[in-house]
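Listing of start-v4.pdb, PDB, C-alpha atoms, pLDDT in the B column
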ATOM      1  CA  MET I 191     100.964 104.715  68.697  1.00 62.00           C
ATOM      2  CA  PRO I 192     101.797 105.638  72.292  1.00 81.00           C
ATOM      3  CA  ASP I 193     105.131 104.594  73.730  1.00 92.00           C
ATOM      4  CA  ALA I 194     105.410 102.376  76.822  1.00 94.00           C
ATOM      5  CA  THR I 195     105.346 105.358  79.185  1.00 95.00           C
ATOM      6  CA  GLU I 196     102.195 106.834  77.647  1.00 96.00           C
ATOM      7  CA  LEU I 197     100.451 103.464  77.626  1.00 96.00           C
ATOM      8  CA  ALA I 198     101.472 102.892  81.256  1.00 96.00           C
ATOM      9  CA  LYS I 199      99.927 106.276  82.168  1.00 96.00           C
ATOM     10  CA  LEU I 200      96.682 105.327  80.422  1.00 94.00           C
ATOM     11  CA  LEU I 201      96.602 101.942  82.136  1.00 96.00           C
ATOM     12  CA  VAL I 202      97.188 103.445  85.567  1.00 96.00           C
ATOM     13  CA  SER I 203      94.463 106.050  85.026  1.00 93.00           C
ATOM     14  CA  LEU I 204      92.049 103.229  84.186  1.00 93.00           C
ATOM     15  CA  LEU I 205      93.201 100.832  86.888  1.00 93.00           C
ATOM     16  CA  CYS I 206      93.648 103.121  89.923  1.00 92.00           C
ATOM     17  CA  PRO I 207      89.956 103.451  90.807  1.00 89.00           C
ATOM     18  CA  ALA I 208      89.391  99.750  90.037  1.00 87.00           C
ATOM     19  CA  LEU I 209      92.363  98.248  91.903  1.00 89.00           C
ATOM     20  CA  PRO I 210      90.657  97.941  95.296  1.00 87.00           C
ATOM     21  CA  PHE I 211      87.853  95.934  93.640  1.00 82.00           C
ATOM     22  CA  LEU I 212      90.246  93.934  91.456  1.00 83.00           C
ATOM     23  CA  MET I 213      92.343  92.934  94.452  1.00 82.00           C
ATOM     24  CA  LYS I 214      89.261  91.789  96.365  1.00 75.00           C
ATOM     25  CA  ILE I 215      88.288  89.578  93.452  1.00 64.00           C
ATOM     26  CA  GLY I 216      91.817  88.204  93.335  1.00 51.00           C
ATOM     27  CA  GLU I 217      91.592  87.337  97.012  1.00 48.00           C
ATOM     28  CA  LYS I 218      88.012  86.062  96.621  1.00 49.00           C
ATOM     29  CA  VAL I 219      87.174  87.992  99.787  1.00 42.00           C
ATOM     30  CA  ALA I 220      83.764  89.329  99.018  1.00 42.00           C
ATOM     31  CA  GLU I 221      80.749  88.372  96.990  1.00 46.00           C
ATOM     32  CA  GLY I 222      79.151  91.284  95.226  1.00 54.00           C
ATOM     33  CA  VAL I 223      82.481  92.966  94.497  1.00 59.00           C
ATOM     34  CA  SER I 224      81.531  93.258  90.829  1.00 65.00           C
ATOM     35  CA  THR I 225      78.230  94.870  91.736  1.00 71.00           C
ATOM     36  CA  ASP I 226      79.990  97.401  93.971  1.00 72.00           C
ATOM     37  CA  ALA I 227      82.586  98.059  91.277  1.00 69.00           C
ATOM     38  CA  VAL I 228      79.933  98.621  88.607  1.00 70.00           C
ATOM     39  CA  LYS I 229      78.166 101.092  90.905  1.00 76.00           C
ATOM     40  CA  ALA I 230      81.411 102.949  91.609  1.00 72.00           C
ATOM     41  CA  LEU I 231      83.016 102.858  88.158  1.00 78.00           C
ATOM     42  CA  GLY I 232      80.310 102.151  85.598  1.00 79.00           C
ATOM     43  CA  LYS I 233      79.906  98.892  83.716  1.00 80.00           C
ATOM     44  CA  SER I 234      82.108  99.642  80.717  1.00 82.00           C
ATOM     45  CA  SER I 235      84.988 101.032  82.819  1.00 83.00           C
ATOM     46  CA  TRP I 236      84.783  98.061  85.168  1.00 80.00           C
ATOM     47  CA  ASP I 237      84.734  95.580  82.283  1.00 85.00           C
ATOM     48  CA  LYS I 238      87.710  97.252  80.610  1.00 89.00           C
ATOM     49  CA  ALA I 239      89.657  97.378  83.891  1.00 87.00           C
ATOM     50  CA  LYS I 240      88.970  93.669  84.514  1.00 88.00           C
ATOM     51  CA  ASN I 241      90.155  92.745  81.012  1.00 91.00           C
ATOM     52  CA  VAL I 242      93.295  94.861  81.289  1.00 94.00           C
ATOM     53  CA  TRP I 243      94.076  93.517  84.752  1.00 92.00           C
ATOM     54  CA  ALA I 244      93.597  89.920  83.600  1.00 92.00           C
ATOM     55  CA  LYS I 245      96.370  90.477  81.038  1.00 95.00           C
ATOM     56  CA  LEU I 246      98.649  92.618  83.214  1.00 96.00           C
ATOM     57  CA  SER I 247      98.359  91.046  86.679  1.00 94.00           C
ATOM     58  CA  PRO I 248     100.413  87.890  85.958  1.00 95.00           C
ATOM     59  CA  GLN I 249     103.355  90.139  85.052  1.00 96.00           C
ATOM     60  CA  VAL I 250     102.787  92.333  88.115  1.00 95.00           C
ATOM     61  CA  GLU I 251     102.708  89.265  90.371  1.00 94.00           C
ATOM     62  CA  GLN I 252     106.130  88.208  89.079  1.00 95.00           C
ATOM     63  CA  LYS I 253     107.699  91.529  90.003  1.00 95.00           C
ATOM     64  CA  GLY I 254     107.890  92.399  93.705  1.00 95.00           C
ATOM     65  CA  ALA I 255     108.347  96.120  93.120  1.00 97.00           C
ATOM     66  CA  ALA I 256     105.247  96.191  90.905  1.00 96.00           C
ATOM     67  CA  GLN I 257     103.197  94.369  93.559  1.00 95.00           C
ATOM     68  CA  GLU I 258     104.367  96.890  96.130  1.00 97.00           C
ATOM     69  CA  ALA I 259     103.438  99.767  93.811  1.00 97.00           C
ATOM     70  CA  VAL I 260      99.903  98.339  93.414  1.00 96.00           C
ATOM     71  CA  THR I 261      99.543  98.018  97.194  1.00 95.00           C
ATOM     72  CA  ASN I 262     100.759 101.588  97.672  1.00 95.00           C
ATOM     73  CA  VAL I 263      98.281 102.949  95.110  1.00 95.00           C
ATOM     74  CA  ILE I 264      95.423 101.182  96.878  1.00 93.00           C
ATOM     75  CA  GLN I 265      96.507 102.476 100.286  1.00 95.00           C
ATOM     76  CA  ARG I 266      97.388 105.981  99.115  1.00 94.00           C
ATOM     77  CA  PRO I 267      96.247 106.831  95.574  1.00 88.00           C
ATOM     78  CA  ASP I 268      98.281 110.024  95.323  1.00 94.00           C
ATOM     79  CA  GLU I 269     100.501 111.175  92.462  1.00 95.00           C
ATOM     80  CA  ILE I 270     103.679 109.740  93.946  1.00 96.00           C
ATOM     81  CA  SER I 271     102.193 106.253  94.283  1.00 96.00           C
ATOM     82  CA  GLN I 272     100.729 106.490  90.802  1.00 96.00           C
ATOM     83  CA  PHE I 273     104.084 107.558  89.312  1.00 97.00           C
ATOM     84  CA  ALA I 274     105.751 104.540  90.943  1.00 97.00           C
ATOM     85  CA  LEU I 275     103.109 102.247  89.450  1.00 97.00           C
ATOM     86  CA  ILE I 276     103.468 103.895  86.036  1.00 97.00           C
ATOM     87  CA  SER I 277     107.216 103.243  86.200  1.00 97.00           C
ATOM     88  CA  GLN I 278     106.715  99.579  87.096  1.00 97.00           C
ATOM     89  CA  ILE I 279     104.118  99.023  84.377  1.00 97.00           C
ATOM     90  CA  ARG I 280     106.313 100.812  81.839  1.00 97.00           C
ATOM     91  CA  ASP I 281     109.161  98.419  82.664  1.00 97.00           C
ATOM     92  CA  ILE I 282     106.823  95.439  82.228  1.00 97.00           C
ATOM     93  CA  LEU I 283     105.596  96.764  78.866  1.00 97.00           C
ATOM     94  CA  GLU I 284     109.092  97.479  77.577  1.00 96.00           C
ATOM     95  CA  GLY I 285     110.066  93.890  78.331  1.00 95.00           C
ATOM     96  CA  ASN I 286     107.001  92.346  76.709  1.00 95.00           C
ATOM     97  CA  PRO I 287     106.025  93.732  73.283  1.00 95.00           C
ATOM     98  CA  GLU I 288     103.239  91.156  72.796  1.00 96.00           C
ATOM     99  CA  LEU I 289     101.572  92.176  76.059  1.00 96.00           C
ATOM    100  CA  THR I 290     101.977  95.820  75.073  1.00 96.00           C
ATOM    101  CA  GLN I 291     100.120  95.205  71.805  1.00 95.00           C
ATOM    102  CA  GLU I 292      97.326  93.285  73.553  1.00 95.00           C
ATOM    103  CA  LEU I 293      96.862  96.030  76.144  1.00 96.00           C
ATOM    104  CA  LEU I 294      96.959  98.726  73.489  1.00 94.00           C
ATOM    105  CA  LYS I 295      94.144  96.973  71.622  1.00 93.00           C
ATOM    106  CA  LEU I 296      92.090  96.701  74.818  1.00 92.00           C
ATOM    107  CA  MET I 297      92.578 100.392  75.572  1.00 92.00           C
ATOM    108  CA  GLN I 298      91.567 101.379  72.022  1.00 89.00           C
ATOM    109  CA  GLU I 299      88.309  99.415  72.079  1.00 83.00           C
ATOM    110  CA  LYS I 300      85.262 101.613  72.273  1.00 72.00           C
ATOM    111  CA  ASP I 301      83.037 101.246  75.283  1.00 54.00           C
ATOM    112  CA  SER I 302      79.925  99.239  74.561  1.00 49.00           C
ATOM    113  CA  GLU I 303      77.743 101.806  76.318  1.00 46.00           C
ATOM    114  CA  HIS I 304      79.290 104.842  74.636  1.00 44.00           C
ATOM    115  CA  GLU I 305      80.277 105.496  71.055  1.00 40.00           C
ATOM    116  CA  ARG I 306      82.989 107.927  72.074  1.00 39.00           C
ATOM    117  CA  ALA I 307      85.067 108.650  75.118  1.00 42.00           C
ATOM    118  CA  VAL I 308      83.662 111.482  77.184  1.00 42.00           C
ATOM    119  CA  ASP I 309      85.758 113.913  79.129  1.00 42.00           C
ATOM    120  CA  GLN I 310      83.619 115.136  81.990  1.00 44.00           C
ATOM    121  CA  SER I 311      85.421 117.798  83.941  1.00 44.00           C
ATOM    122  CA  VAL I 312      84.727 120.990  85.776  1.00 45.00           C
ATOM    123  CA  ASN I 313      87.484 123.589  86.109  1.00 45.00           C
ATOM    124  CA  LEU I 314      87.071 126.310  88.687  1.00 46.00           C
ATOM    125  CA  GLN I 315      88.919 129.404  87.623  1.00 46.00           C
ATOM    126  CA  SER I 316      89.153 132.882  88.993  1.00 46.00           C
ATOM    127  CA  GLY I 317      85.912 134.522  87.920  1.00 48.00           C
ATOM    128  CA  GLY I 318      84.330 131.563  86.139  1.00 48.00           C
ATOM    129  CA  VAL I 319      83.701 127.860  85.694  1.00 46.00           C
ATOM    130  CA  SER I 320      84.577 125.834  82.620  1.00 45.00           C
ATOM    131  CA  ILE I 321      82.520 122.696  81.986  1.00 46.00           C
ATOM    132  CA  ARG I 322      83.555 120.254  79.258  1.00 46.00           C
ATOM    133  CA  GLY I 323      81.448 117.406  77.959  1.00 46.00           C
ATOM    134  CA  ASP I 324      83.461 116.122  74.983  1.00 42.00           C
ATOM    135  CA  LEU I 325      85.375 117.441  71.990  1.00 42.00           C
ATOM    136  CA  HIS I 326      82.187 118.443  70.200  1.00 41.00           C
ATOM    137  CA  ASN I 327      80.336 119.959  73.116  1.00 39.00           C
ATOM    138  CA  THR I 328      82.409 122.435  75.091  1.00 40.00           C
ATOM    139  CA  GLY I 329      80.926 125.279  77.026  1.00 43.00           C
ATOM    140  CA  THR I 330      82.212 127.918  79.394  1.00 42.00           C
ATOM    141  CA  PHE I 331      80.312 129.749  82.068  1.00 42.00           C
ATOM    142  CA  VAL I 332      81.704 133.203  82.623  1.00 42.00           C
ATOM    143  CA  GLY I 333      81.094 134.868  85.964  1.00 43.00           C
ATOM    144  CA  ARG I 334      79.366 138.239  86.159  1.00 45.00           C
ATOM    145  CA  ASP I 335      82.544 140.180  87.070  1.00 47.00           C
ATOM    146  CA  GLN I 336      84.472 138.781  84.113  1.00 45.00           C
ATOM    147  CA  HIS I 337      81.532 139.362  81.725  1.00 46.00           C
ATOM    148  CA  ASN I 338      81.022 142.946  82.903  1.00 49.00           C
ATOM    149  CA  ALA I 339      84.751 143.665  82.609  1.00 51.00           C
ATOM    150  CA  GLY I 340      84.497 143.010  78.876  1.00 50.00           C
ATOM    151  CA  ASN I 341      81.609 145.501  78.517  1.00 51.00           C
ATOM    152  CA  LYS I 342      83.381 148.485  80.100  1.00 48.00           C
TER     153      LYS I 342
END
Could you rewrite the structure in this file as structure tokens?
Amino acid sequence: MPDATELAKLLVSLLCPALPFLMKIGEKVAEGVSTDAVKALGKSSWDKAKNVWAKLSPQVEQKGAAQEAVTNVIQRPDEISQFALISQIRDILEGNPELTQELLKLMQEKDSEHERAVDQSVNLQSGGVSIRGDLHNTGTFVGRDQHNAGNK
């Protein structure tokens, strides 16, 4: 079971791309926010982010520093802003074990559209590109110079 810091990191990684949409819904500014969010994030990620935020946001609203951290992440979603938000969420989780358990359950639920989590990443490296699909399907493209170096 992850500790409060690890869970806070997972929550922030889920919430960061969704926060601009979640805050618009909270302000009831725009119709069609959900449609835009689904297009940008995917249905299952959007649904999970909404569920997590519904549980977490009341605690965030009670803590000025946490509200400020959310605003900063929306305005500038860099590592520094994200670390500040992770710290604030960690503090909230450490003070509320019931909320921590509820959020942990939400994060462990499988996506309805996918049977497993998929890590889609592309790593550019000197002389090659590594493309990962998931734990069972990993492939590496090796550039010509690197391949020929092995044949000399």
task = Work out how far CA of Lys238 in chain I is from CA of Glu299 in chain I, in Å to one decimal.
result = 8.8 Å
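Distances to Trp236 in chain I were evaluated for I:Pro192, I:Pro207, I:Gly285, I:Pro248 using all atoms listed in the file, and the minimum falls at I:Pro207.
Here the PyMOL selection byres ((chain I and resi 291) around 12) matches the residues Met191, Pro192, Asp193, Ala194, Leu197, Val242, Lys245, Leu246, Leu283, Glu284, Gly285, Asn286, Pro287, Glu288, Leu289, Thr290, Glu292, Leu293, Leu294, Lys295, Leu296, Met297 and Gln298 of chain I.
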Those same residues - C-alpha atoms - I'd like them written as a compact mmCIF listing (two decimals), in the coordinates of the input.
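Okay, this is what ended up in result_2.txt:
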# COMPACT_ATOMS: atom_id res chain seq x y z
CA MET I 191 100.96 104.72 68.70
CA PRO I 192 101.80 105.64 72.29
CA ASP I 193 105.13 104.59 73.73
CA ALA I 194 105.41 102.38 76.82
CA LEU I 197 100.45 103.46 77.63
CA VAL I 242 93.30 94.86 81.29
CA LYS I 245 96.37 90.48 81.04
CA LEU I 246 98.65 92.62 83.21
CA LEU I 283 105.60 96.76 78.87
CA GLU I 284 109.09 97.48 77.58
CA GLY I 285 110.07 93.89 78.33
CA ASN I 286 107.00 92.35 76.71
CA PRO I 287 106.02 93.73 73.28
CA GLU I 288 103.24 91.16 72.80
CA LEU I 289 101.57 92.18 76.06
CA THR I 290 101.98 95.82 75.07
CA GLU I 292 97.33 93.28 73.55
CA LEU I 293 96.86 96.03 76.14
CA LEU I 294 96.96 98.73 73.49
CA LYS I 295 94.14 96.97 71.62
CA LEU I 296 92.09 96.70 74.82
CA MET I 297 92.58 100.39 75.57
CA GLN I 298 91.57 101.38 72.02
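Coordinates place CA of Ile276 in chain I at a distance of 24.3 Å from CA of Val228 in chain I.
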inquiry  = For a quick check of understanding, using all atoms listed in the file, which of I:Thr261, I:Ala255, I:Leu205, I:Ala244 has the smallest distance to Asp281 in chain I?
reply    = I:Ala255
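In this comparison, which uses only C-alpha atoms, the residue of I:Ala208, I:Ala259, I:Glu196, I:Lys240 approaching Asp226 in chain I most closely is I:Ala208.
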key: CA of Pro267 in chain I to CA of Ala230 in chain I, straight-line distance in Å   = 15.8 Å
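Distances here use all atoms listed in the file; by that measure, the residue among I:Leu201, I:Lys214, I:Leu275, I:Ser234 closest to Val263 in chain I is I:Leu275.
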